[in-house]
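Visitor: For reference, this is structure.cif, and it has mmCIF, C-alpha atoms.
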data_data
#
loop_
_atom_site.label_atom_id
_atom_site.label_comp_id
_atom_site.auth_asym_id
_atom_site.auth_seq_id
_atom_site.Cartn_x
_atom_site.Cartn_y
_atom_site.Cartn_z
CA MET A 1427 0.00 0.00 0.00
CA LEU A 1428 2.94 2.35 0.71
CA ASN A 1429 6.59 2.05 -0.36
CA SER A 1430 9.28 3.22 2.04
CA GLN A 1431 9.81 6.53 0.26
CA GLN A 1432 6.09 7.32 0.40
CA SER A 1433 6.01 6.28 4.01
CA ASP A 1434 8.94 8.61 4.81
CA ALA A 1435 7.27 11.50 2.99
CA LEU A 1436 4.03 10.93 4.89
CA ARG A 1437 5.93 10.69 8.18
CA GLU A 1438 7.66 14.02 7.48
CA LEU A 1439 4.33 15.65 6.61
CA GLY A 1440 2.80 14.34 9.82
CA ASN A 1441 5.87 15.37 11.76
CA ILE A 1442 5.46 18.99 10.70
CA GLY A 1443 1.75 18.92 11.51
CA ALA A 1444 2.28 17.32 14.89
CA ALA A 1445 5.04 19.77 15.79
CA HIS A 1446 2.59 22.64 15.24
CA ALA A 1447 -0.04 20.85 17.31
CA ALA A 1448 2.54 20.33 20.08
CA THR A 1449 3.40 24.04 20.03
CA THR A 1450 -0.22 25.02 20.56
CA LEU A 1451 -0.55 22.56 23.44
CA SER A 1452 2.67 23.91 24.91
CA THR A 1453 1.29 27.46 24.71
CA MET A 1454 -2.04 26.47 26.29
CA LEU A 1455 -0.38 24.68 29.20
CA MET A 1456 2.65 26.94 29.38
CA THR A 1457 4.92 23.96 29.66
CA ASN A 1458 7.32 21.98 27.53
CA ILE A 1459 5.73 19.31 25.30
CA GLU A 1460 7.87 16.43 24.04
CA MET A 1461 7.00 14.74 20.79
CA GLU A 1462 7.92 11.22 19.69
CA VAL A 1463 8.92 10.33 16.13
CA PRO A 1464 5.68 9.56 14.27
CA GLU A 1465 4.86 5.98 13.37
CA ILE A 1466 3.26 5.01 10.09
CA ASN A 1467 1.72 1.58 10.00
CA VAL A 1468 -0.10 -0.19 7.23
CA VAL A 1469 -2.41 -2.41 9.25
CA ASP A 1470 -4.75 -5.21 8.25
CA ILE A 1471 -8.21 -4.52 9.70
CA GLY A 1472 -8.02 -7.82 11.58
CA LYS A 1473 -4.93 -6.57 13.45
CA ILE A 1474 -6.09 -3.08 14.42
CA HIS A 1475 -6.51 -4.37 17.98
CA GLU A 1476 -2.71 -4.70 18.17
CA HIS A 1477 -2.37 -0.93 17.62
CA VAL A 1478 -5.49 0.49 19.28
CA SER A 1479 -6.74 -0.78 22.64
CA ASP A 1480 -10.06 -1.01 24.47
CA GLU A 1481 -8.78 1.01 27.47
CA GLN A 1482 -11.11 3.89 28.22
CA ALA A 1483 -9.87 7.18 26.75
CA ALA A 1484 -11.13 10.54 25.60
CA LEU A 1485 -11.22 10.84 21.82
CA VAL A 1486 -11.75 14.13 20.05
CA ILE A 1487 -12.53 13.25 16.45
CA PHE A 1488 -12.57 15.43 13.34
CA GLN A 1489 -13.46 14.70 9.78
CA ILE A 1490 -11.04 16.31 7.31
CA GLN A 1491 -12.76 18.73 4.96
CA GLY A 1492 -11.53 21.10 2.27
CA GLU A 1493 -9.64 20.81 -1.01
CA VAL A 1494 -8.83 17.15 -0.81
CA SER A 1495 -10.71 14.23 -2.26
CA GLY A 1496 -11.84 11.20 -0.35
CA GLY A 1497 -12.20 11.34 3.37
CA GLY A 1498 -10.15 11.07 6.45
CA TYR A 1499 -10.15 11.62 10.16
CA VAL A 1500 -7.86 13.17 12.70
CA LEU A 1501 -8.19 11.86 16.25
CA LEU A 1502 -6.76 13.26 19.45
CA HIS A 1503 -6.52 10.37 21.90
CA ILE A 1504 -6.02 11.06 25.60
CA PRO A 1505 -5.81 8.07 27.94
CA LYS A 1506 -8.20 8.26 30.86
CA ASN A 1507 -5.56 8.91 33.51
CA SER A 1508 -4.26 11.88 31.50
CA VAL A 1509 -7.66 13.45 30.90
CA VAL A 1510 -8.18 14.89 34.37
CA ARG A 1511 -4.57 16.05 34.63
CA LEU A 1512 -4.90 17.79 31.27
CA THR A 1513 -8.17 19.57 32.01
CA ASN A 1514 -6.94 20.44 35.52
CA ALA A 1515 -3.88 22.07 33.99
CA MET A 1516 -6.12 23.94 31.54
CA LEU A 1517 -8.72 25.03 34.08
CA GLY A 1518 -6.35 25.69 36.99
CA MET A 1519 -7.76 22.92 39.18
CA THR A 1520 -5.91 20.36 41.30
CA GLU A 1521 -8.41 17.67 42.42
CA LEU A 1522 -7.48 14.43 40.63
CA ASP A 1523 -10.08 12.07 42.04
CA ARG A 1524 -13.21 13.55 40.52
CA GLU A 1525 -15.87 12.84 37.94
CA LEU A 1526 -15.57 14.46 34.51
CA THR A 1527 -17.98 17.36 34.09
CA GLU A 1528 -19.27 19.45 31.21
CA MET A 1529 -16.37 21.82 31.88
CA ASP A 1530 -13.91 19.00 31.18
CA GLN A 1531 -15.75 18.10 28.00
CA SER A 1532 -15.68 21.70 26.75
CA ALA A 1533 -12.00 21.93 27.62
CA LEU A 1534 -11.26 18.69 25.73
CA LEU A 1535 -13.16 19.90 22.66
CA GLU A 1536 -11.33 23.23 22.81
CA ILE A 1537 -7.90 21.61 23.16
CA GLY A 1538 -8.76 19.23 20.33
CA ASN A 1539 -9.96 22.05 18.10
CA ILE A 1540 -6.85 24.15 18.58
CA MET A 1541 -4.40 21.26 18.21
CA VAL A 1542 -6.08 19.65 15.22
CA SER A 1543 -6.55 22.98 13.43
CA ALA A 1544 -2.83 23.61 13.85
CA PHE A 1545 -2.04 20.10 12.62
CA LEU A 1546 -4.18 20.43 9.49
CA ASP A 1547 -3.09 24.03 8.80
CA ALA A 1548 0.57 23.08 8.80
CA THR A 1549 0.14 20.00 6.61
CA ALA A 1550 -2.18 21.81 4.19
CA THR A 1551 0.21 24.74 3.88
CA LEU A 1552 3.00 22.36 2.94
CA LEU A 1553 0.75 20.80 0.29
CA SER A 1554 -0.54 24.26 -0.82
CA ILE A 1555 -4.16 23.29 -0.28
CA VAL A 1556 -6.84 24.06 2.27
CA MET A 1557 -7.76 21.42 4.84
CA LEU A 1558 -10.23 22.18 7.58
CA PRO A 1559 -11.46 20.13 10.50
CA SER A 1560 -15.20 19.45 10.81
CA PRO A 1561 -16.83 20.33 14.11
CA PRO A 1562 -15.41 17.86 16.63
CA SER A 1563 -17.11 14.89 18.18
CA LEU A 1564 -16.08 13.83 21.68
CA VAL A 1565 -16.42 10.28 22.94
CA ILE A 1566 -15.09 8.84 26.16
CA ASP A 1567 -15.00 5.16 25.37
CA MET A 1568 -12.90 2.35 23.88
CA PRO A 1569 -10.57 3.60 21.12
CA HIS A 1570 -10.86 0.32 19.17
CA ALA A 1571 -14.65 0.65 19.13
CA ALA A 1572 -14.36 4.22 17.82
CA PHE A 1573 -11.82 3.24 15.14
CA GLU A 1574 -13.87 0.36 13.79
CA SER A 1575 -17.02 2.49 13.75
CA ILE A 1576 -15.21 5.17 11.76
CA LEU A 1577 -13.88 2.61 9.27
CA ALA A 1578 -17.24 0.87 8.90
CA ALA A 1579 -18.94 4.22 8.18
CA GLN A 1580 -16.62 4.72 5.22
CA ASP A 1581 -16.64 2.42 2.27
CA TYR A 1582 -14.50 -0.40 3.56
CA ALA A 1583 -16.39 -3.23 1.86
CA GLN A 1584 -13.55 -3.89 -0.57
CA ILE A 1585 -10.68 -2.67 1.62
CA ASP A 1586 -8.84 -4.72 4.20
CA GLN A 1587 -5.94 -2.45 5.04
CA VAL A 1588 -5.69 0.91 6.68
CA VAL A 1589 -2.85 3.40 7.08
CA ILE A 1590 -2.52 4.60 10.66
CA PHE A 1591 -0.34 7.60 11.40
CA ARG A 1592 0.34 8.09 15.10
CA THR A 1593 2.51 10.45 17.08
CA GLU A 1594 2.77 10.75 20.83
CA LEU A 1595 2.90 14.07 22.66
CA HIS A 1596 3.59 14.26 26.35
CA SER A 1597 4.27 16.66 29.16
CA ASP A 1598 6.61 15.46 31.92
CA GLN A 1599 5.62 18.33 34.21
CA TYR A 1600 1.93 17.40 34.23
CA LYS A 1601 2.39 13.67 33.44
CA ILE A 1602 0.04 13.97 30.49
CA SER A 1603 0.32 11.82 27.42
CA SER A 1604 -1.73 12.00 24.25
CA ASN A 1605 -1.66 10.64 20.73
CA LEU A 1606 -2.55 12.25 17.45
CA PHE A 1607 -3.90 9.80 14.88
CA LEU A 1608 -4.43 10.49 11.20
CA LEU A 1609 -6.66 8.04 9.40
CA PRO A 1610 -6.93 8.82 5.68
CA ASN A 1611 -9.07 6.66 3.42
CA LYS A 1612 -7.55 5.34 0.19
CA PRO A 1613 -8.54 8.21 -2.18
CA MET A 1614 -7.29 10.81 0.29
CA LEU A 1615 -4.09 8.88 0.92
CA ASP A 1616 -3.44 8.55 -2.82
CA GLU A 1617 -3.99 12.25 -3.37
CA ILE A 1618 -1.73 13.30 -0.50
CA ILE A 1619 0.98 10.89 -1.68
CA GLY A 1620 0.65 12.32 -5.19
CA MET A 1621 1.08 15.88 -3.87
CA LEU A 1622 4.10 14.87 -1.78
CA GLU A 1623 5.73 13.18 -4.76
CA ASN A 1624 5.23 16.34 -6.84
CA LEU A 1625 6.82 18.38 -4.07
CA MET A 1626 9.91 16.19 -4.05
CA LYS A 1627 10.47 16.35 -7.81
CA MET B 487 -10.14 -30.40 27.22
CA PRO B 488 -8.52 -26.97 27.61
CA GLY B 489 -7.40 -25.91 31.04
CA PRO B 490 -8.62 -22.69 32.67
CA GLU B 491 -5.25 -21.05 32.14
CA GLU B 492 -5.47 -21.49 28.39
CA GLN B 493 -4.89 -18.33 26.39
CA VAL B 494 -7.81 -16.41 24.99
CA VAL B 495 -7.92 -16.37 21.18
CA MET B 496 -8.19 -12.81 19.81
CA VAL B 497 -10.67 -12.38 16.97
CA GLY B 498 -9.95 -9.14 15.07
CA ILE B 499 -12.22 -7.22 12.70
CA GLY B 500 -13.44 -9.49 9.89
CA GLU B 501 -11.88 -12.58 11.51
CA TYR B 502 -13.39 -15.67 13.16
CA HIS B 503 -12.46 -18.58 15.37
CA ILE B 504 -14.09 -21.95 15.99
CA GLY B 505 -13.23 -24.21 18.91
CA ARG B 506 -13.56 -24.87 22.62
CA SER B 507 -11.08 -22.38 24.05
CA PRO B 508 -12.16 -18.92 25.24
CA MET B 509 -12.18 -16.33 22.45
CA SER B 510 -12.46 -12.56 22.51
CA SER B 511 -13.17 -9.51 20.38
CA ILE B 512 -12.12 -6.21 21.93
CA GLY B 513 -13.75 -2.84 21.37
CA LEU B 514 -16.82 -3.74 19.35
CA GLY B 515 -18.31 -0.46 18.13
CA SER B 516 -20.68 -0.65 15.18
CA CYS B 517 -19.33 -4.16 14.50
CA ILE B 518 -21.08 -7.31 15.69
CA GLY B 519 -19.65 -10.14 17.74
CA LEU B 520 -21.68 -13.11 16.54
CA VAL B 521 -21.44 -16.30 18.60
CA ILE B 522 -22.92 -19.55 17.35
CA HIS B 523 -22.84 -22.16 20.09
CA ASP B 524 -23.48 -25.89 20.31
CA PRO B 525 -24.74 -26.53 23.87
CA VAL B 526 -24.55 -30.32 23.42
CA ASN B 527 -20.88 -30.49 22.44
CA ASP B 528 -19.60 -27.35 24.24
CA ILE B 529 -18.10 -25.96 21.06
CA GLY B 530 -18.79 -22.85 19.05
CA GLY B 531 -17.53 -20.00 16.95
CA LEU B 532 -17.12 -16.24 17.11
CA ALA B 533 -17.16 -13.92 14.07
CA HIS B 534 -16.27 -10.19 14.25
CA ILE B 535 -18.60 -8.79 11.60
CA MET B 536 -17.88 -5.31 10.21
CA LEU B 537 -20.46 -4.70 7.46
CA PRO B 538 -23.90 -5.95 6.44
CA ASP B 539 -23.26 -6.77 2.79
CA SER B 540 -20.35 -8.64 1.12
CA GLN B 541 -21.32 -7.39 -2.35
CA GLY B 542 -20.24 -10.74 -3.70
CA ARG B 543 -16.85 -10.94 -2.00
CA THR B 544 -15.97 -14.37 -0.70
CA ASP B 545 -12.38 -14.12 0.61
CA ARG B 546 -13.27 -12.75 4.08
CA PRO B 547 -16.57 -14.41 4.94
CA ALA B 548 -16.51 -13.39 8.62
CA LYS B 549 -16.32 -9.67 7.73
CA TYR B 550 -19.89 -9.47 6.39
CA ALA B 551 -23.24 -10.38 7.94
CA ASP B 552 -24.59 -11.98 4.79
CA THR B 553 -21.71 -14.48 4.58
CA ALA B 554 -20.59 -14.90 8.21
CA VAL B 555 -23.61 -16.78 9.56
CA GLU B 556 -23.61 -19.63 7.04
CA PHE B 557 -19.80 -19.80 7.15
CA LEU B 558 -19.77 -20.15 10.95
CA ILE B 559 -22.54 -22.79 10.93
CA ARG B 560 -20.69 -24.88 8.34
CA GLY B 561 -17.42 -24.58 10.27
CA ILE B 562 -19.00 -25.73 13.54
CA CYS B 563 -20.82 -28.60 11.85
CA ARG B 564 -17.54 -29.80 10.38
CA GLN B 565 -16.49 -30.38 14.00
CA GLY B 566 -19.39 -32.79 14.43
CA SER B 567 -22.22 -30.50 15.57
CA LYS B 568 -25.77 -30.79 14.23
CA PRO B 569 -27.18 -27.59 12.68
CA ASP B 570 -30.56 -27.93 14.41
CA GLY B 571 -28.93 -27.93 17.85
CA LEU B 572 -27.13 -24.62 17.40
CA VAL B 573 -28.05 -21.38 19.19
CA SER B 574 -26.69 -17.84 18.80
CA LYS B 575 -25.83 -14.73 20.79
CA ILE B 576 -25.18 -11.30 19.29
CA VAL B 577 -23.33 -8.35 20.80
CA GLY B 578 -22.44 -4.91 19.42
CA GLY B 579 -23.93 -2.72 16.72
CA ALA B 580 -23.51 0.47 18.74
CA SER B 581 -23.83 3.94 17.28
CA MET B 582 -20.94 5.94 18.74
CA PHE B 583 -21.09 9.11 16.64
CA GLN B 584 -23.99 11.31 15.79
CA SER B 585 -22.39 14.18 13.94
CA PHE B 586 -20.43 12.74 11.00
CA SER B 587 -21.51 12.08 7.45
CA GLY B 588 -21.31 8.57 6.06
CA ASN B 589 -23.08 5.34 6.90
CA LEU B 590 -24.10 6.39 10.36
CA ASN B 591 -26.65 3.72 11.09
CA ILE B 592 -24.19 0.97 10.20
CA GLY B 593 -24.59 -0.58 13.67
CA ASP B 594 -28.35 -0.98 13.24
CA ARG B 595 -27.91 -2.30 9.72
CA ASN B 596 -25.40 -4.86 10.97
CA ILE B 597 -27.79 -6.08 13.68
CA GLU B 598 -30.64 -6.37 11.19
CA ALA B 599 -28.54 -8.19 8.58
CA VAL B 600 -27.26 -10.72 11.12
CA LYS B 601 -30.80 -11.42 12.36
CA ILE B 602 -32.09 -11.98 8.84
CA GLN B 603 -29.40 -14.60 8.25
CA LEU B 604 -29.98 -16.31 11.61
CA LYS B 605 -33.66 -16.55 10.80
CA LYS B 606 -32.90 -17.94 7.36
CA PHE B 607 -30.85 -20.75 8.90
CA ASN B 608 -33.27 -21.29 11.78
CA ILE B 609 -30.75 -20.44 14.48
CA ARG B 610 -32.44 -19.22 17.65
CA ILE B 611 -31.07 -16.07 19.34
CA VAL B 612 -30.81 -16.93 23.06
CA ALA B 613 -29.14 -13.70 24.21
CA GLU B 614 -28.46 -10.28 22.81
CA ASP B 615 -26.63 -7.15 23.97
CA THR B 616 -26.88 -4.74 21.05
CA GLY B 617 -27.35 -1.10 20.08
CA GLY B 618 -26.74 1.85 22.38
CA VAL B 619 -23.79 4.22 22.14
CA GLN B 620 -21.04 2.34 24.01
CA GLY B 621 -18.22 0.11 22.82
CA ARG B 622 -18.04 -3.46 24.16
CA THR B 623 -15.33 -6.05 24.74
CA ILE B 624 -16.51 -9.65 24.79
CA VAL B 625 -15.07 -12.99 25.86
CA TYR B 626 -16.93 -16.15 24.83
CA TYR B 627 -16.44 -19.36 26.85
CA PRO B 628 -17.69 -22.38 24.84
CA VAL B 629 -17.15 -24.91 27.65
CA GLU B 630 -18.89 -22.77 30.26
CA LYS B 631 -22.34 -23.22 28.72
CA GLY B 632 -21.49 -20.67 26.04
CA LYS B 633 -21.29 -17.82 28.53
CA ILE B 634 -20.18 -14.41 27.20
CA SER B 635 -18.78 -11.59 29.33
CA VAL B 636 -19.59 -8.12 27.98
CA ARG B 637 -17.46 -5.28 29.31
CA THR B 638 -17.93 -1.56 28.61
CA ALA B 639 -15.28 1.18 28.87
CA ASP B 640 -16.58 2.35 32.25
CA GLY B 641 -15.60 -1.04 33.69
CA ASN B 642 -19.10 -2.57 33.95
CA ILE B 643 -19.19 -6.28 33.21
CA ARG B 644 -22.31 -8.32 32.56
CA PHE B 645 -22.74 -11.92 31.50
CA ILE B 646 -25.12 -13.14 28.83
#
Just dump the structure as structure tokens.

Guide:
Amino acid sequence: MLNSQQSDALRELGNIGAAHAATTLSTMLMTNIEMEVPEINVVDIGKIHEHVSDEQAALVIFQIQGEVSGGGYVLLHIPKNSVVRLTNAMLGMTELDRELTEMDQSALLEIGNIMVSAFLDATATLLSIVMLPSPPSLVIDMPHAAFESILAAQDYAQIDQVVIFRTELHSDQYKISSNLFLLPNKPMLDEIIGMLENLMK
Amino acid sequence: MPGPEEQVVMVGIGEYHIGRSPMSSIGLGSCIGLVIHDPVNDIGGLAHIMLPDSQGRTDRPAKYADTAVEFLIRGICRQGSKPDGLVSKIVGGASMFQSFSGNLNIGDRNIEAVKIQLKKFNIRIVAEDTGGVQGRTIVYYPVEKGKISVRTADGNIRFI
């Protein structure tokens, strides 16, 4: 589905996007955010459970819209134990052992919006196109269940493989970790790869 | 006979397993975990169904509702079970997102398509945990009377 050169190009594109997203998170929390080298995996649908778990997490999910064909999703994944620490840091609270409220949900949507907009802006600028996030959807549930629902809602009848881009962002000061996932469908992936190959000519 | 410490077989999206050992599908969203169980011989199968309609594809029978049911029945009967003794349980078919375009009612369509096939093959549904908005992780235990544990992300576990 991807040769190593295409995979490298996609990783570099995602790297630039994720770095911008990390900067916005860093500004919001006023702390240093470390970023891992992005992973690109071509995964058979039957093996998605090896990459995405059923451990409860907050997922802020955006559909990619704009001047790009096909469809794709960007997901901000925050494991449950990081959620409260993240919203506490945002909202200036300290209590860790508490239920999530509407305030937390608004904060998560806001963080997701800002980070994902930065991610898409940076990647679209590199490709000289416009990519915009849809309004976000927040679920606090099993990531695997969310992934398979997203894939099933697209046309995956004839497709058995999916490209998963993932990069991890974390703050040592607040002990927060999060992952940015990019999940392009085949037409979108092909178009982005085509644009990247033109850029490298 | 398998011991209690035997490893659980993971059944990923579009995959299946038939046997006596415990088997699991994690994070069922709009997908269906279909169990067909033989209570006489303590054997059965689990299919992790993703979509209602195979559109003629035959290479991944467990991925689609219209092919998975017959495929699972045949597989279990090859192990010596009689088709008229089989029963079924279905889990999943949730609707996790409201606000995106695309096939949003895919969970409901999956449930309906599985039920149509079960009816066609005269397989009784003895338990069901479907619909709603939450993901589910299941473990099916063929030798424990076909019991299935259903866990949601908030940590609740129920048995069907």

Visitor: Taking only C-alpha atoms into account, find every residue of chain A that has an atom no more than 10 Å from chain B, and write it out as a VMD selection string.

Guide: chain A and resid 1470 to 1476 1478 to 1483 1487 to 1489 1497 1560 to 1584 1586

Visitor: Hey, what comes out of the PyMOL selection byres ((chain A and resi 1536) around 12) on this file? Could you write it as a list in words?

Guide: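 For this structure, the PyMOL selection byres ((chain A and resi 1536) around 12) resolves to Thr1450, Leu1451, Met1454, Val1486, Ile1487, Leu1502, Leu1512, Thr1513, Met1516, Leu1517, Met1529, Asp1530, Gln1531, Ser1532, Ala1533, Leu1534, Leu1535, Ile1537, Gly1538, Asn1539, Ile1540, Met1541, Val1542, Ser1543, Pro1561, Pro1562, Ser1563 and Leu1564 of chain A.
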
Visitor: Separation of atom CA of B:Ser507 and atom CA of B:Val577, in Å?

Guide: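 About the pair atom CA of B:Ser507 and atom CA of B:Val577: they are 18.9 Å apart.
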
Visitor: Name the residues in contact with A:Arg1511 at a cut-off of 12 Å, using all atoms listed in the file, excluding same-chain residues fewer than 3 positions from it; report them as a count of residues only.

Guide: 30

Visitor: Expand the PyMOL selection byres ((chain B and resi 570-575) around 8) into the explicit residue set it covers here, and present it as a ChimeraX atom specification.

Guide: /B:520-526,567-569,576-577,608-614

Visitor: Would you pick out the contacts of A:Asn1467 at 8 Å or less, using only C-alpha atoms, so that residues sharing its chain but fewer than 6 positions from it are not included, and give the list as a list of chain:residue names?

Guide: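 Answer for this query is A:Val1589, A:Ile1590, A:Phe1591.
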